[in-house]
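Student: My file is target_3.cif. It has mmCIF, C-alpha atoms:
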data_query
loop_
_atom_site.label_atom_id
_atom_site.label_comp_id
_atom_site.auth_asym_id
_atom_site.auth_seq_id
_atom_site.Cartn_x
_atom_site.Cartn_y
_atom_site.Cartn_z
CA MET A 1248 162.74 -25.93 92.56
CA ALA A 1249 159.94 -23.88 91.13
CA ASP A 1250 160.46 -25.19 87.62
CA VAL A 1251 158.62 -28.17 86.35
CA MET A 1252 160.87 -30.86 84.97
CA GLU A 1253 159.73 -33.49 82.51
CA LEU A 1254 161.63 -36.71 81.87
CA ASN A 1255 160.85 -39.48 79.38
CA TYR A 1256 162.11 -43.06 79.32
CA THR A 1257 161.59 -46.12 77.18
CA VAL A 1258 161.51 -49.54 78.84
CA SER A 1259 162.61 -52.29 76.49
CA ASN A 1260 161.00 -55.69 76.26
CA GLU A 1261 162.34 -58.61 78.31
CA ASP A 1262 165.54 -56.76 79.23
CA PHE A 1263 165.98 -57.39 82.93
CA THR A 1264 169.55 -56.16 82.84
CA ARG A 1265 168.34 -52.65 82.13
CA ALA A 1266 165.48 -52.67 84.62
CA GLY A 1267 165.90 -49.81 87.03
CA GLU A 1268 167.52 -47.38 84.62
CA ALA A 1269 164.61 -44.95 84.80
CA SER A 1270 164.25 -45.25 88.57
CA SER A 1271 167.96 -44.70 89.27
CA ASP A 1272 168.00 -41.71 86.95
CA VAL A 1273 164.92 -40.15 88.57
CA LYS A 1274 166.40 -40.90 92.00
CA LYS A 1275 169.58 -38.99 91.08
CA LYS A 1276 167.61 -36.02 89.78
CA LEU A 1277 165.44 -35.85 92.93
CA LYS A 1278 168.58 -35.98 95.09
CA GLN A 1279 170.01 -33.04 93.17
CA LEU A 1280 166.75 -31.18 93.72
CA GLY A 1281 167.02 -31.75 97.46
CA VAL A 1282 163.85 -33.84 97.83
CA SER A 1283 163.61 -35.71 101.18
CA PRO A 1284 165.17 -39.21 101.28
CA ASP A 1285 161.81 -40.70 102.32
CA ALA A 1286 160.02 -39.34 99.25
CA ILE A 1287 162.92 -40.36 96.99
CA ARG A 1288 162.77 -43.93 98.30
CA LYS A 1289 159.03 -44.10 97.64
CA VAL A 1290 159.49 -42.84 94.09
CA ALA A 1291 162.37 -45.24 93.44
CA ILE A 1292 160.42 -48.27 94.69
CA ALA A 1293 157.18 -47.37 92.89
CA LEU A 1294 158.94 -46.67 89.61
CA TYR A 1295 161.22 -49.71 89.74
CA GLU A 1296 158.27 -52.03 90.37
CA GLY A 1297 156.53 -50.38 87.43
CA GLU A 1298 159.54 -50.91 85.20
CA ILE A 1299 159.74 -54.57 86.20
CA ASN A 1300 156.02 -55.04 85.52
CA MET A 1301 156.37 -53.56 82.05
CA ILE A 1302 159.26 -55.92 81.29
CA ILE A 1303 157.53 -59.02 82.69
CA HIS A 1304 154.03 -58.50 81.36
CA ALA A 1305 153.84 -55.82 78.71
CA TYR A 1306 156.74 -56.05 76.21
CA GLY A 1307 158.17 -52.79 77.59
CA GLY A 1308 156.61 -49.35 77.36
CA LYS A 1309 157.02 -45.64 77.97
CA ILE A 1310 157.48 -43.71 81.20
CA LYS A 1311 156.76 -40.02 81.60
CA VAL A 1312 157.91 -38.32 84.78
CA THR A 1313 156.81 -34.82 85.74
CA ILE A 1314 158.45 -33.15 88.72
CA SER A 1315 156.79 -30.09 90.17
CA GLU A 1316 157.49 -28.09 93.29
CA ASP A 1317 155.62 -30.35 95.67
CA ALA A 1318 155.00 -33.66 93.87
CA ILE A 1319 156.14 -36.09 91.23
CA THR A 1320 153.82 -37.75 88.73
CA LEU A 1321 154.81 -41.04 87.13
CA ILE A 1322 152.89 -42.20 84.07
CA LEU A 1323 153.74 -45.69 82.85
CA ALA A 1324 152.06 -46.59 79.59
CA ASP A 1325 152.34 -49.87 77.74
CA LYS A 1326 150.72 -51.64 74.81
CA GLY A 1327 150.73 -54.98 76.61
CA PRO A 1328 147.93 -57.50 77.08
CA GLY A 1329 146.10 -55.47 79.73
CA ILE A 1330 145.16 -56.64 83.24
CA ALA A 1331 142.20 -59.05 83.28
CA ASP A 1332 141.29 -58.52 86.94
CA VAL A 1333 142.73 -55.37 88.50
CA GLU A 1334 141.28 -56.13 91.91
CA LYS A 1335 143.03 -59.51 91.99
CA ALA A 1336 146.25 -58.02 90.61
CA MET A 1337 146.24 -55.56 93.50
CA GLN A 1338 146.21 -58.36 96.08
CA ALA A 1339 149.60 -59.04 97.65
CA GLY A 1340 150.77 -62.48 96.60
CA TYR A 1341 148.62 -62.79 93.47
CA SER A 1342 150.89 -63.26 90.49
CA THR A 1343 150.70 -64.29 86.86
CA ALA A 1344 154.46 -64.04 86.29
CA PRO A 1345 156.19 -66.95 84.56
CA ASP A 1346 158.71 -69.21 86.37
CA LYS A 1347 161.63 -67.63 84.54
CA VAL A 1348 160.81 -64.34 86.25
CA ARG A 1349 160.41 -65.99 89.64
CA SER A 1350 163.89 -67.47 89.39
CA LEU A 1351 165.20 -63.90 89.14
CA GLY A 1352 163.61 -63.00 92.47
CA PHE A 1353 160.48 -61.34 91.13
CA GLY A 1354 156.95 -62.49 90.45
CA ALA A 1355 155.92 -62.73 94.10
CA GLY A 1356 152.78 -60.71 93.52
CA MET A 1357 154.19 -57.69 95.33
CA GLY A 1358 154.61 -55.30 92.41
CA LEU A 1359 151.30 -53.46 92.24
CA PRO A 1360 150.78 -53.57 96.04
CA ASN A 1361 154.26 -52.05 96.51
CA MET A 1362 153.43 -49.35 93.96
CA LYS A 1363 150.18 -48.56 95.73
CA LYS A 1364 151.82 -48.53 99.15
CA ASN A 1365 154.51 -46.12 98.07
CA SER A 1366 152.38 -43.63 96.18
CA ASP A 1367 149.89 -41.07 97.48
CA GLU A 1368 147.61 -41.60 94.49
CA MET A 1369 147.50 -44.44 92.01
CA ASP A 1370 145.23 -44.97 89.04
CA ILE A 1371 145.18 -47.93 86.64
CA LYS A 1372 143.54 -47.72 83.25
CA THR A 1373 143.64 -50.99 81.42
CA GLU A 1374 141.99 -52.65 78.45
CA LEU A 1375 142.53 -56.26 77.41
CA GLY A 1376 144.56 -56.50 74.22
CA VAL A 1377 145.17 -52.75 74.14
CA GLY A 1378 147.41 -51.90 77.08
CA THR A 1379 147.70 -50.44 80.53
CA THR A 1380 148.48 -46.98 81.85
CA VAL A 1381 149.41 -46.61 85.51
CA THR A 1382 149.56 -43.11 86.95
CA MET A 1383 151.15 -42.53 90.35
CA VAL A 1384 151.56 -39.32 92.31
CA ILE A 1385 153.98 -38.99 95.20
CA ARG A 1386 153.91 -35.75 97.17
CA PHE A 1387 157.07 -34.36 98.72
CA MET B 366 180.15 -51.41 112.84
CA LYS B 367 181.13 -49.81 109.57
CA VAL B 368 180.96 -51.55 106.20
CA ASN B 369 184.74 -51.56 105.76
CA GLU B 370 185.13 -53.35 109.11
CA ILE B 371 183.34 -56.44 107.74
CA SER B 372 186.57 -57.25 105.90
CA SER B 373 188.27 -57.91 109.24
CA PHE B 374 186.22 -61.11 109.65
CA GLU B 375 187.80 -64.03 107.86
CA GLU B 376 184.33 -65.36 107.00
CA PHE B 377 183.67 -62.46 104.61
CA THR B 378 185.46 -61.65 101.37
CA LEU B 379 185.16 -58.20 99.86
CA LEU B 380 184.20 -58.26 96.16
CA SER B 381 183.93 -54.54 95.39
CA ASP B 382 184.99 -51.47 97.39
CA ALA B 383 184.05 -51.15 101.07
CA LYS B 384 182.53 -47.89 102.16
CA ASP B 385 183.20 -46.08 105.41
CA THR B 386 179.46 -46.16 106.22
CA GLU B 387 177.89 -47.19 109.53
CA ILE B 388 175.68 -50.32 109.32
CA THR B 389 172.35 -49.63 111.01
CA GLY B 390 170.91 -53.16 110.99
CA VAL B 391 170.75 -56.45 109.12
CA PHE B 392 168.09 -57.49 106.58
CA CYS B 393 167.65 -60.95 105.04
CA CYS B 394 165.54 -61.63 101.96
CA ASP B 395 165.87 -63.23 98.54
CA LEU B 396 162.66 -62.09 96.94
CA LEU B 397 163.67 -58.85 95.29
CA SER B 398 160.17 -57.37 95.33
CA VAL B 399 159.97 -57.85 99.08
CA ALA B 400 163.51 -56.55 99.59
CA MET B 401 162.61 -53.57 97.43
CA GLY B 402 159.75 -52.61 99.71
CA LYS B 403 161.27 -53.59 103.04
CA ALA B 404 165.10 -53.36 103.09
CA PRO B 405 165.93 -50.53 105.51
CA SER B 406 168.36 -47.97 104.13
CA GLY B 407 171.73 -48.32 105.85
CA SER B 408 171.27 -52.05 106.55
CA ALA B 409 173.52 -54.94 105.57
CA TRP B 410 171.40 -56.98 103.15
CA VAL B 411 172.08 -60.73 103.26
CA THR B 412 170.86 -62.68 100.23
CA VAL B 413 171.61 -65.60 97.93
CA MET B 414 170.11 -63.81 94.94
CA ALA B 415 173.05 -62.66 92.83
CA ASN B 416 171.91 -61.07 89.59
CA VAL B 417 171.95 -57.58 88.12
CA ASN B 418 168.62 -56.77 89.75
CA THR B 419 170.14 -57.39 93.19
CA LEU B 420 172.41 -54.40 92.48
CA ALA B 421 169.48 -52.30 91.29
CA VAL B 422 167.49 -53.04 94.45
CA ALA B 423 170.54 -52.31 96.66
CA SER B 424 171.06 -49.01 94.92
CA LEU B 425 167.41 -47.94 95.07
CA THR B 426 166.94 -48.87 98.73
CA ASP B 427 170.28 -47.36 99.82
CA VAL B 428 171.34 -50.42 101.83
CA ALA B 429 174.85 -50.11 103.29
CA CYS B 430 176.12 -53.27 101.59
CA ILE B 431 175.18 -56.61 100.03
CA ILE B 432 176.32 -59.83 101.69
CA LEU B 433 176.10 -62.83 99.34
CA ALA B 434 175.72 -65.92 101.52
CA GLU B 435 176.02 -69.70 100.96
CA GLY B 436 179.07 -69.31 98.71
CA VAL B 437 177.06 -67.44 96.08
CA THR B 438 178.97 -64.81 94.12
CA PHE B 439 178.56 -62.19 91.41
CA GLU B 440 180.03 -62.72 87.96
CA ALA B 441 182.90 -60.36 87.06
CA SER B 442 180.75 -57.90 85.10
CA LEU B 443 178.45 -57.43 88.10
CA ILE B 444 181.38 -56.81 90.44
CA GLU B 445 182.51 -54.16 87.98
CA LYS B 446 179.03 -52.65 87.97
CA ALA B 447 178.92 -52.67 91.79
CA ARG B 448 182.22 -50.72 91.81
CA ASP B 449 180.88 -48.23 89.27
CA GLU B 450 177.78 -47.64 91.34
CA GLY B 451 179.62 -47.50 94.67
CA ILE B 452 177.87 -50.56 96.13
CA SER B 453 179.87 -52.56 98.69
CA VAL B 454 179.55 -56.32 98.16
CA PHE B 455 180.89 -59.16 100.30
CA LYS B 456 180.59 -62.90 99.89
CA THR B 457 180.66 -65.63 102.49
CA ASP B 458 180.30 -69.41 102.66
CA LEU B 459 178.13 -69.01 105.76
CA PRO B 460 174.38 -69.67 105.53
CA VAL B 461 172.14 -66.59 105.48
CA PHE B 462 171.22 -66.83 109.18
CA ASP B 463 174.79 -67.27 110.42
CA ALA B 464 176.08 -64.45 108.25
CA ALA B 465 173.35 -62.12 109.50
CA LEU B 466 173.92 -63.17 113.11
CA LEU B 467 177.66 -62.58 112.93
CA ILE B 468 177.18 -59.07 111.60
CA ASN B 469 174.35 -58.31 113.99
CA ASN B 470 176.42 -59.46 117.00
CA ASN B 471 179.10 -56.99 116.03
CA LEU B 472 176.99 -53.94 115.23
#
Would you mind giving the structure from this file in structure tokens?
Tutor:
Amino acid sequence: MADVMELNYTVSNEDFTRAGEASSDVKKKLKQLGVSPDAIRKVAIALYEGEINMIIHAYGGKIKVTISEDAITLILADKGPGIADVEKAMQAGYSTAPDKVRSLGFGAGMGLPNMKKNSDEMDIKTELGVGTTVTMVIRF
Amino acid sequence: MKVNEISSFEEFTLLSDAKDTEITGVFCCDLLSVAMGKAPSGSAWVTVMANVNTLAVASLTDVACIILAEGVTFEASLIEKARDEGISVFKTDLPVFDAALLINNNL
């Protein structure tokens, strides 16, 4: 798998039924490429949590996935409200999700911590009223 | 125990297709974000959370099957989706703990 593969996805606003489309697709592609199950699981979890976050908080957004020989880079960009306190948002259990989302089994304040835990590098760039871009790298 | 052997217990009803996969353990959780991070691949996942995201989490974590406890069930479109995605789903009237215990005692 010497070639670099680039994949792009759009996450639509408030559509929980389609959450996970990007992560399942990336998971399939990585399987075909023969990436280890451990790495695939990390990518799937990190990306799915990202998708859910974009749906809950940011009116959807765009995902760019770059697969190289030894790593995958996930860039999740949205034009949502931004994260007021990144440090707090990174704490397990801290959540600003509405009740509607909690009744679906999300909103437990595990999203960003799960993303961090499952990626080798994670960077959050956010500006209030402008949007958030989360970049994650997972090495194979 | 394999997934398709769960059908032999009268307490469990198969909703989609049962795979011939070995169950490696049992995992109980209703918070999808926690299940997402913690459900071991190959485990039987017991939950009362029955929405489309339950299927997504099952698929992404590679659990062996979903067991819907407490009489909870999927609507028809989700059973169809589970079939399409090759996810084995059972339902039971047992509480979460009893369902998990029964499977665990027969692993």
Student: Counting all atoms listed in the file, what are the residues of chain B within 6 Å of chain A, and for each of them which pair of atoms is the nearest and at what distance in Å, to one decimal? Sort the table by chain and rising number, as a Markdown table.
Tutor:
| residue | atom | partner | partner_atom | distance |
| --- | --- | --- | --- | --- |
| B:Leu396 | CA | A:Gly1352 | CA | 4.7 |
| B:Leu397 | CA | A:Gly1352 | CA | 5.0 |
| B:Ser398 | CA | A:Phe1353 | CA | 5.8 |
| B:Val417 | CA | A:Thr1264 | CA | 6.0 |
| B:Leu425 | CA | A:Ala1291 | CA | 5.9 |
Student: Which value, in Å to one decimal, gives the distance between atom CA of Leu459 of chain B and atom CA of Ala434 of chain B?
Tutor: 5.8 Å
Student: Enter the distance from atom CA of Pro460 of chain B to atom CA of Asp395 of chain B, in Å, rounded to one decimal.
Tutor: 12.8 Å
Student: Find the residues around Val411 of chain B up to 7 Å (only C-alpha atoms counted), leave out those fewer than 6 positions away in its own chain, and share them as an NGL selection string.
Tutor: :B and (392-394 or 431-434 or 461 or 465)
Student: Do a neighbour search on Val437 of chain B at 8 Å with all atoms listed in the file, toss out local chain neighbours closer than 6 positions, and write the hits as an mmCIF file with C-alpha atoms, in the frame of the given file.
Tutor:
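Wrote it out as out05.cif, contents follow:
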data_model
loop_
_atom_site.group_PDB
_atom_site.id
_atom_site.type_symbol
_atom_site.label_atom_id
_atom_site.label_comp_id
_atom_site.auth_asym_id
_atom_site.auth_seq_id
_atom_site.Cartn_x
_atom_site.Cartn_y
_atom_site.Cartn_z
ATOM 1 C CA VAL B 413 171.610 -65.600 97.930
ATOM 2 C CA MET B 414 170.110 -63.810 94.940
ATOM 3 C CA ALA B 415 173.050 -62.660 92.830
ATOM 4 C CA LYS B 456 180.590 -62.900 99.890
ATOM 5 C CA THR B 457 180.660 -65.630 102.490
ATOM 6 C CA ASP B 458 180.300 -69.410 102.660
#
Student: I'd like the interatomic distance between atom CA of Thr426 of chain B and atom CA of Gly402 of chain B, to a tenth of an Å.
Tutor: 8.2 Å
Student: Evaluate the PyMOL selection byres ((chain B and resi 377) around 8) against this structure - the residues, as a PDB file with C-alpha atoms, in the coordinates of the input, please.
Tutor:
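The resulting file, result.pdb, is shown below:
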ATOM      1  CA  ILE B 371     183.340 -56.440 107.740  1.00  0.00           C
ATOM      2  CA  SER B 372     186.570 -57.250 105.900  1.00  0.00           C
ATOM      3  CA  SER B 373     188.270 -57.910 109.240  1.00  0.00           C
ATOM      4  CA  PHE B 374     186.220 -61.110 109.650  1.00  0.00           C
ATOM      5  CA  GLU B 375     187.800 -64.030 107.860  1.00  0.00           C
ATOM      6  CA  GLU B 376     184.330 -65.360 107.000  1.00  0.00           C
ATOM      7  CA  THR B 378     185.460 -61.650 101.370  1.00  0.00           C
ATOM      8  CA  LEU B 379     185.160 -58.200  99.860  1.00  0.00           C
ATOM      9  CA  PHE B 455     180.890 -59.160 100.300  1.00  0.00           C
ATOM     10  CA  LYS B 456     180.590 -62.900  99.890  1.00  0.00           C
ATOM     11  CA  THR B 457     180.660 -65.630 102.490  1.00  0.00           C
ATOM     12  CA  ASP B 458     180.300 -69.410 102.660  1.00  0.00           C
TER      13      ASP B 458
END
Student: Check what the PyMOL selection byres ((chain A and resi 1333-1339) around 8) selects in the file above and give those residues as a list in words.
Tutor: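 Checked against the file, the PyMOL selection byres ((chain A and resi 1333-1339) around 8) matches Ile1330, Ala1331, Asp1332, Gly1340, Tyr1341, Ser1342, Gly1356, Met1357, Leu1359 and Pro1360 of chain A.
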